[in-house]
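Asker: If it helps, the file is called protein06.txt and holds compact mmCIF, C-alpha atoms:
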```txt
# COMPACT_ATOMS: atom_id res chain seq x y z
CA MET A 1 0.00 0.00 0.00
CA PRO A 2 1.52 3.39 -0.93
CA GLN A 3 2.36 5.72 1.92
CA THR A 4 0.18 8.77 2.38
CA GLU A 5 1.21 12.06 3.90
CA THR A 6 -0.68 13.75 6.66
CA PRO A 7 -1.60 17.31 5.69
CA GLY A 8 0.93 19.76 7.00
CA THR A 9 3.68 17.18 7.36
CA GLU A 10 6.46 15.95 5.10
CA ALA A 11 7.28 12.40 4.14
CA VAL A 12 10.38 10.96 5.73
CA PRO A 13 13.05 10.01 3.17
CA ARG A 14 13.44 6.27 2.55
CA SER A 15 17.04 6.36 3.77
CA ARG A 16 17.37 8.95 6.50
CA LEU A 17 20.52 11.01 6.26
CA ARG A 18 22.65 11.26 9.39
CA TRP A 19 24.56 14.30 10.51
CA TRP A 20 27.71 12.28 11.19
CA THR A 21 27.86 11.31 7.53
CA GLU A 22 26.68 14.66 6.14
CA LEU A 23 29.11 16.81 8.12
CA PRO A 24 32.29 15.13 6.79
CA LEU A 25 30.85 15.32 3.27
CA ILE A 26 30.17 19.06 3.59
CA LEU A 27 33.61 19.65 5.08
CA LEU A 28 35.21 17.64 2.27
CA VAL A 29 33.48 19.71 -0.40
CA TYR A 30 34.36 22.96 1.34
CA GLY A 31 37.96 21.78 1.68
CA CYS A 32 38.04 21.06 -2.05
CA TYR A 33 36.57 24.51 -2.70
CA SER A 34 39.20 26.24 -0.56
CA ALA A 35 42.06 24.14 -1.94
CA GLY A 36 40.87 24.67 -5.50
CA ARG A 37 40.79 28.44 -5.02
CA LEU A 38 44.29 28.31 -3.56
CA LEU A 39 45.86 26.03 -6.15
CA ALA A 40 44.20 27.42 -9.29
CA ARG A 41 46.14 30.67 -9.14
CA GLY A 42 47.08 30.88 -12.78
CA ASP A 43 49.33 33.50 -14.32
CA VAL A 44 48.90 37.04 -12.92
CA GLY A 45 49.32 38.57 -16.38
CA SER A 46 46.56 36.35 -17.79
CA ALA A 47 44.32 37.15 -14.83
CA VAL A 48 44.75 40.88 -15.42
CA ASP A 49 44.08 40.45 -19.15
CA HIS A 50 40.86 38.54 -18.37
CA GLY A 51 39.73 41.27 -15.98
CA LEU A 52 40.35 44.01 -18.56
CA ALA A 53 38.55 41.94 -21.20
CA ILE A 54 35.50 41.75 -18.93
CA LEU A 55 35.59 45.53 -18.52
CA ARG A 56 35.71 45.96 -22.31
CA VAL A 57 32.74 43.64 -22.78
CA GLU A 58 30.74 45.49 -20.14
CA LYS A 59 31.60 48.81 -21.78
CA ALA A 60 30.38 47.48 -25.12
CA LEU A 61 27.16 46.32 -23.45
CA ARG A 62 26.83 49.65 -21.60
CA LEU A 63 27.06 47.93 -18.22
CA ASN A 64 28.85 49.97 -15.59
CA ALA A 65 27.36 49.21 -12.18
CA GLU A 66 30.75 48.70 -10.51
CA HIS A 67 32.14 52.25 -10.72
CA PRO A 68 29.21 54.19 -9.19
CA LEU A 69 28.72 51.59 -6.46
CA ASN A 70 32.42 51.55 -5.63
CA ARG A 71 32.55 55.34 -5.42
CA LEU A 72 29.50 55.33 -3.11
CA PHE A 73 30.99 52.67 -0.81
CA THR A 74 34.30 54.56 -0.67
CA ARG A 75 32.72 57.94 0.00
CA GLU A 76 30.20 56.76 2.65
CA PRO A 77 31.74 54.66 5.47
CA TRP A 78 28.30 53.93 6.94
CA ILE A 79 27.63 51.96 3.74
CA GLY A 80 31.14 50.74 2.93
CA VAL A 81 32.03 49.29 6.35
CA PRO A 82 28.86 47.15 6.73
CA ALA A 83 29.31 46.04 3.12
CA ASP A 84 32.83 44.84 3.87
CA PHE A 85 31.58 42.92 6.91
CA TRP A 86 28.82 41.48 4.70
CA TYR A 87 31.34 40.32 2.09
CA ALA A 88 33.82 38.90 4.61
CA SER A 89 31.30 37.11 6.84
CA LEU A 90 27.88 36.15 5.51
CA HIS A 91 29.19 33.93 2.72
CA TYR A 92 30.54 31.59 5.42
CA LEU A 93 27.70 31.97 7.94
CA VAL A 94 24.38 32.07 6.07
CA THR A 95 25.09 29.16 3.72
CA PRO A 96 25.90 26.63 6.50
CA ALA A 97 22.96 27.97 8.52
CA VAL A 98 20.56 27.29 5.64
CA LEU A 99 22.04 23.81 5.18
CA VAL A 100 21.51 22.99 8.86
CA TRP A 101 17.98 24.39 8.76
CA LEU A 102 17.10 22.27 5.74
CA PHE A 103 18.61 19.17 7.34
CA ARG A 104 16.62 19.60 10.55
CA ALA A 105 13.34 21.11 9.39
CA ARG A 106 13.02 20.18 5.69
CA ALA A 107 14.69 16.78 5.51
CA ARG A 108 12.64 15.77 2.47
CA HIS A 109 14.28 18.50 0.39
CA TYR A 110 17.74 18.50 1.94
CA ARG A 111 19.51 15.98 -0.30
CA ALA A 112 18.45 17.63 -3.56
CA ALA A 113 19.38 21.07 -2.20
CA ARG A 114 22.77 19.89 -0.95
CA THR A 115 23.53 18.16 -4.25
CA TRP A 116 22.62 21.32 -6.16
CA LEU A 117 24.96 23.42 -4.03
CA MET A 118 27.86 20.97 -4.29
CA THR A 119 27.50 20.46 -8.04
CA SER A 120 27.48 24.20 -8.66
CA THR A 121 30.51 24.70 -6.40
CA PHE A 122 32.56 22.21 -8.39
CA ILE A 123 31.52 23.92 -11.62
CA GLY A 124 32.73 27.19 -10.12
CA LEU A 125 36.08 25.60 -9.33
CA VAL A 126 36.41 24.67 -12.99
CA GLY A 127 35.82 28.32 -13.84
CA PHE A 128 38.52 29.48 -11.40
CA THR A 129 40.96 27.04 -12.99
CA LEU A 130 40.24 27.79 -16.64
CA LEU A 131 39.68 31.53 -16.32
CA PRO A 132 41.74 33.16 -13.55
CA THR A 133 40.47 36.72 -13.34
CA CYS A 134 41.83 39.81 -11.61
CA PRO A 135 39.07 41.49 -9.56
CA PRO A 136 38.49 45.22 -10.04
CA ARG A 137 40.20 46.12 -6.72
CA LEU A 138 43.52 44.69 -7.93
CA LEU A 139 43.61 46.57 -11.22
CA SER A 140 45.85 49.60 -11.51
CA ALA A 141 44.51 52.81 -9.98
CA GLY A 142 43.96 54.28 -13.44
CA HIS A 143 40.89 52.09 -13.90
CA GLY A 144 39.10 53.96 -11.11
CA PHE A 145 38.49 51.27 -8.49
CA VAL A 146 39.21 51.48 -4.76
CA ASP A 147 39.75 48.36 -2.66
CA THR A 148 37.27 49.02 0.14
CA MET A 149 38.53 46.01 2.11
CA ALA A 150 41.92 47.72 2.34
CA HIS A 151 40.35 51.18 2.70
CA TYR A 152 38.37 50.12 5.79
CA SER A 153 40.72 47.42 7.08
CA ALA A 154 41.05 49.25 10.42
CA TYR A 155 37.37 48.50 11.11
CA GLY A 156 37.51 44.72 10.64
CA TRP A 157 39.62 41.64 11.14
CA TRP A 158 40.67 41.38 7.49
CA GLY A 159 43.97 42.59 6.15
CA GLY A 160 44.66 45.02 3.37
CA GLU A 161 45.45 42.35 0.79
CA ALA A 162 42.33 40.17 1.02
CA SER A 163 39.14 39.46 2.94
CA ALA A 164 41.01 36.79 4.92
CA PRO A 165 42.13 37.51 8.51
CA ARG A 166 45.22 39.67 8.88
CA GLY A 167 48.41 37.86 7.96
CA MET A 168 46.55 35.13 6.02
CA GLY A 169 46.01 36.96 2.74
CA GLY A 170 48.72 34.88 1.08
CA MET A 171 46.67 31.74 1.72
CA THR A 172 43.85 32.83 -0.57
CA ASN A 173 43.58 32.97 -4.34
CA GLN A 174 42.78 36.59 -5.08
CA TYR A 175 42.32 35.88 -8.81
CA ALA A 176 39.28 33.60 -8.39
CA ALA A 177 36.77 36.25 -9.41
CA MET A 178 34.98 34.49 -12.28
CA PRO A 179 32.37 33.25 -11.46
CA SER A 180 31.28 34.88 -8.20
CA LEU A 181 30.28 32.10 -5.84
CA HIS A 182 29.45 34.75 -3.27
CA VAL A 183 26.52 35.57 -5.54
CA GLY A 184 25.93 31.93 -6.47
CA TRP A 185 25.72 30.69 -2.89
CA ALA A 186 23.57 33.68 -1.91
CA LEU A 187 21.18 32.83 -4.75
CA TRP A 188 20.99 29.23 -3.53
CA CYS A 189 20.21 30.42 0.01
CA GLY A 190 17.56 32.79 -1.30
CA VAL A 191 15.82 30.10 -3.35
CA MET A 192 15.83 27.63 -0.45
CA VAL A 193 14.41 30.12 2.06
CA TRP A 194 11.85 31.40 -0.48
CA ARG A 195 10.62 27.90 -1.34
CA HIS A 196 10.63 26.32 2.10
CA GLY A 197 10.42 29.22 4.56
CA GLY A 198 6.67 29.59 4.27
CA THR A 199 6.40 33.14 5.66
CA ARG A 200 6.49 36.62 4.17
CA PRO A 201 9.72 37.57 6.00
CA ALA A 202 11.32 34.40 4.62
CA LYS A 203 10.26 35.29 1.09
CA ALA A 204 11.53 38.85 1.55
CA PHE A 205 14.88 37.44 2.72
CA GLY A 206 14.94 35.08 -0.25
CA VAL A 207 14.74 38.03 -2.64
CA ALA A 208 16.84 40.57 -0.73
CA TYR A 209 19.83 38.43 0.25
CA PRO A 210 21.11 37.52 -3.25
CA LEU A 211 20.34 41.00 -4.63
CA LEU A 212 22.17 42.77 -1.80
CA THR A 213 25.07 40.34 -2.10
CA ALA A 214 25.41 41.17 -5.81
CA ILE A 215 25.49 44.88 -4.94
CA VAL A 216 28.06 44.29 -2.19
CA VAL A 217 30.49 42.30 -4.33
CA MET A 218 30.48 45.05 -6.96
CA GLY A 219 30.56 47.98 -4.56
CA THR A 220 33.53 46.53 -2.67
CA ALA A 221 35.33 46.04 -6.03
CA ASN A 222 35.68 42.32 -5.49
CA HIS A 223 33.71 41.32 -8.60
CA TYR A 224 32.49 42.64 -11.92
CA PHE A 225 28.84 42.61 -12.91
CA LEU A 226 29.54 39.74 -15.31
CA ASP A 227 31.13 37.78 -12.45
CA ALA A 228 27.84 38.06 -10.56
CA ALA A 229 25.88 37.03 -13.66
CA ALA A 230 28.21 34.06 -14.16
CA GLY A 231 27.68 33.02 -10.54
CA ALA A 232 23.92 32.92 -11.13
CA ALA A 233 24.45 30.99 -14.39
CA VAL A 234 26.63 28.42 -12.63
CA MET A 235 23.85 27.82 -10.12
CA GLY A 236 21.42 27.33 -13.00
CA VAL A 237 23.66 24.69 -14.61
CA GLY A 238 24.14 23.01 -11.23
CA LEU A 239 20.38 22.88 -10.76
CA LEU A 240 19.98 21.10 -14.10
CA LEU A 241 22.75 18.60 -13.36
CA ALA A 242 21.81 17.85 -9.74
CA PRO A 243 19.16 15.17 -10.59
CA ARG A 244 21.68 13.36 -12.80
CA VAL A 245 24.27 13.50 -10.03
CA MET A 246 21.79 12.02 -7.55
CA ARG A 247 20.83 9.23 -9.94
CA ALA A 248 24.49 8.40 -10.53
CA ALA A 249 25.11 8.34 -6.78
CA ASP A 250 22.09 6.07 -6.22
CA LEU A 251 23.25 3.71 -8.97
CA ALA A 252 26.75 3.52 -7.54
CA ARG A 253 25.38 2.89 -4.05
CA ALA A 254 23.07 0.14 -5.35
CA ARG A 255 25.93 -1.60 -7.16
CA LEU A 256 28.12 -1.49 -4.09
CA ALA A 257 25.35 -2.83 -1.86
CA ARG A 258 24.05 -5.53 -4.27
CA PRO A 259 23.48 -8.76 -2.27
CA VAL A 260 24.93 -12.12 -3.37
CA ALA A 261 23.66 -15.63 -2.57
CA PRO A 262 25.93 -18.50 -1.47
CA VAL A 263 26.11 -21.65 -3.63
CA ALA A 264 27.64 -25.08 -3.17
CA GLY A 265 31.35 -25.17 -2.53
CA GLY A 266 31.42 -21.89 -0.65
CA ALA A 267 31.31 -19.75 -3.80
CA VAL A 268 28.86 -16.93 -4.21
CA SER A 269 26.66 -16.06 -7.13
CA PRO A 270 24.30 -13.20 -7.77
CA ILE A 271 20.61 -13.72 -7.15
CA VAL A 272 19.00 -14.33 -10.53
CA SER A 273 15.38 -13.98 -9.45
CA ALA A 274 15.80 -10.20 -9.30
CA GLY A 275 13.53 -10.16 -6.28
CA CYS A 276 10.62 -12.06 -7.94
CA GLN A 277 8.57 -14.20 -5.55
CA THR A 278 5.49 -16.37 -5.91
CA SER A 279 2.34 -15.35 -4.15
CA ALA A 280 0.76 -17.38 -1.37
CA GLY A 281 -0.69 -20.68 -2.67
CA GLU A 282 0.87 -20.32 -6.15
CA ARG A 283 2.80 -23.34 -7.54
CA ILE A 284 5.08 -23.85 -10.48
CA PRO A 285 3.70 -26.55 -12.86
CA ARG A 286 4.87 -30.15 -12.03
CA GLN A 287 6.29 -28.96 -8.72
CA ARG A 288 5.71 -31.35 -5.84
CA ALA A 289 3.63 -29.97 -3.03
CA SER A 290 4.95 -29.72 0.50
CA GLN A 291 4.29 -32.68 2.74
CA PHE A 292 2.39 -30.37 5.02
CA ASP A 293 0.11 -29.02 2.27
CA PRO A 294 -3.38 -29.19 3.82
CA VAL A 295 -5.07 -29.44 0.38
CA ALA A 296 -3.03 -31.95 -1.60
CA GLY A 297 -2.01 -34.11 1.31
CA PRO A 298 1.47 -35.42 2.20
CA ASP A 299 3.88 -36.01 -0.70
CA ALA A 300 1.21 -35.52 -3.30
CA SER A 301 1.75 -33.71 -6.57
CA PRO A 302 -1.00 -31.82 -8.42
CA THR A 303 -1.16 -34.71 -10.92
CA ASP A 304 -1.45 -37.41 -8.28
CA ALA A 305 -4.17 -35.53 -6.53
CA GLY A 306 -6.15 -35.25 -9.74
CA GLU A 307 -5.93 -38.96 -10.65
CA GLY A 308 -7.34 -40.24 -7.37
CA ALA A 309 -10.28 -37.89 -7.19
CA PRO A 310 -13.80 -39.09 -8.25
CA ALA A 311 -15.28 -37.62 -11.38
CA PRO A 312 -17.67 -34.77 -10.78
CA ALA A 313 -21.40 -35.54 -11.03
CA ARG A 314 -23.10 -34.58 -14.25
```
Represent the supplied structure as structure tokens.

Answerer:
Amino acid sequence: MPQTETPGTEAVPRSRLRWWTELPLILLVYGCYSAGRLLARGDVGSAVDHGLAILRVEKALRLNAEHPLNRLFTREPWIGVPADFWYASLHYLVTPAVLVWLFRARARHYRAARTWLMTSTFIGLVGFTLLPTCPPRLLSAGHGFVDTMAHYSAYGWWGGEASAPRGMGGMTNQYAAMPSLHVGWALWCGVMVWRHGGTRPAKAFGVAYPLLTAIVVMGTANHYFLDAAAGAAVMGVGLLLAPRVMRAADLARARLARPVAPVAGGAVSPIVSAGCQTSAGERIPRQRASQFDPVAGPDASPTDAGEGAPAPAR
């Protein structure tokens, strides 16, 4: 009989996920993300060329959101300082918080959401590797950008060279600007809270958080507009690939857990019935009945039982 859901409740997944298996998986993916950003440094000259090429494309498309936002953040500390804290902190706080919330309160949707996030992150790592890009803040001063993280470094824990804590700027890849996973992860958080939050404040957060993050990454001169757009595109591709990734994982798990049946001589062989079973009372033709069969009697076959029976009255 198929399971039915009580209104207002969610079905429990067939195989419940456990935090002690999920946490190492999340940490492994984040470790790969951090290591990939660190190792995929690329050539500085190529990174600068890619950054200037993005500026030229934006100029041709009449896109220039970075300059006015950067000037505003530099001129107004009451905007620039909170924006720097936003950029340096929320990327690493809100995303894990949404993951934990989904795991505890929306378990039915957690696995698909987690797979979407991880798939998109790995796609972003490919982008960092193939297209190292100099962010606007590291271009020469003639291009008109101010590094607000360095400008307001006295207000926060970050150093002048990166958003990492002071003295640890050399441990980050500052040329991993394309795509912007700050925007990508914020978009993922917004979609999850919008879809599963269920309240108006949750929906407002779902819209505001990714939009404000896109403004922050441009105003702090950490990303171009096209970086933000690429971050959203990466999440879209990850969303399309996530079901395939889950099916591949399920297939691999099924193959690893496939049971085998013992045969004579201690060898093992796969079960060939593929889980097929006969229903109660059903017999294979010419098969002898059990000696405890209450209908056919002890040691009687269907044929024997038929031969000894009197003919029916006409």

Asker: Of the candidates A:Ala229, A:Arg111, A:Pro179, A:Asp84, which one gets nearest to Glu58 of chain A if we count all atoms listed in the file?

Answerer: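 Nearest candidate to Glu58 of chain A out of A:Ala229, A:Arg111, A:Pro179, A:Asp84: A:Ala229.
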
Asker: Choose the residue, out of A:Val44, A:Leu90, A:Ala112, A:Ala177, that has the smallest atom-to-atom separation from Ala249 of chain A; count all atoms listed in the file.

Answerer: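 Of A:Val44, A:Leu90, A:Ala112, A:Ala177, the one nearest Ala249 of chain A, counting all atoms listed in the file, is A:Ala112.
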
Asker: When you draw a straight line from atom CA of Cys134 of chain A to atom CA of Trp185 of chain A, how long is it in Å?

Answerer: 20.5 Å

Asker: In Å, with one decimal, what is the gap from atom CA of Leu69 of chain A to atom CA of Ile215 of chain A?

Answerer: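 Separating atom CA of Leu69 of chain A from atom CA of Ile215 of chain A is a distance of 7.6 Å.
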
Asker: Go ahead and compute the interatomic distance for atom CA of Ile79 of chain A and atom CA of Glu66 of chain A, in Å to one decimal.

Answerer: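 So the two atoms, atom CA of Ile79 of chain A and atom CA of Glu66 of chain A, lie 14.9 Å apart.
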
Asker: Just checking: using all atoms listed in the file, which residue out of A:Ala88, A:Val146, A:Ala83, A:Leu212 ends up closest to Pro68 of chain A?

Answerer: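 Of all the options, A:Val146 lies closest to Pro68 of chain A.
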
Asker: Set the distance at 12 Å and use all atoms listed in the file: which residues neighbour Gly197 of chain A once local chain neighbours fewer than 3 positions away are removed? I'd like the list as a compact mmCIF listing (two decimals) with C-alpha atoms, in the frame of the given file.

Answerer:
```
# COMPACT_ATOMS: atom_id res chain seq x y z
CA VAL A 98 20.56 27.29 5.64
CA TRP A 101 17.98 24.39 8.76
CA LEU A 102 17.10 22.27 5.74
CA ALA A 105 13.34 21.11 9.39
CA ARG A 106 13.02 20.18 5.69
CA CYS A 189 20.21 30.42 0.01
CA GLY A 190 17.56 32.79 -1.30
CA VAL A 191 15.82 30.10 -3.35
CA MET A 192 15.83 27.63 -0.45
CA VAL A 193 14.41 30.12 2.06
CA TRP A 194 11.85 31.40 -0.48
CA ARG A 200 6.49 36.62 4.17
CA PRO A 201 9.72 37.57 6.00
CA ALA A 202 11.32 34.40 4.62
CA LYS A 203 10.26 35.29 1.09
CA ALA A 204 11.53 38.85 1.55
CA PHE A 205 14.88 37.44 2.72
CA GLY A 206 14.94 35.08 -0.25
```

Asker: With 10 Å as the threshold, what does the neighbourhood of (24.1, 26.2, -13.8) contain in terms of residues, counting only C-alpha atoms? Coordinates are those of the file; answer as a count of residues only.

Answerer: 20

Asker: Using all atoms listed in the file - which residues lie no farther than 9 Å from the point (32.1, 37.7, -11.7) in the file's frame? Write them as a PyMOL selection string.

Answerer: chain A and resi 54+133+135+176-181+183+217-218+222-231

Asker: Quick one: of A:Gly219, A:Gly156, A:Pro243, A:Gly198, who's nearest to Ser89 of chain A, counting all atoms listed in the file?

Answerer: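 Checking each candidate against Ser89 of chain A, we get A:Gly156 as the closest.
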
Asker: Would you please work out which residue, of A:Met246, A:Phe128, A:Arg255, A:Val100, is nearest to His50 of chain A when using all atoms listed in the file?

Answerer: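 Of the candidates, the smallest distance to His50 of chain A is held by A:Phe128.
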
Asker: Could you check which of A:His151, A:His91, A:Ala221, A:Leu187 is closest to Arg137 of chain A, using only C-alpha atoms?

Answerer: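 Closest residue, counting only C-alpha atoms: A:Ala221.
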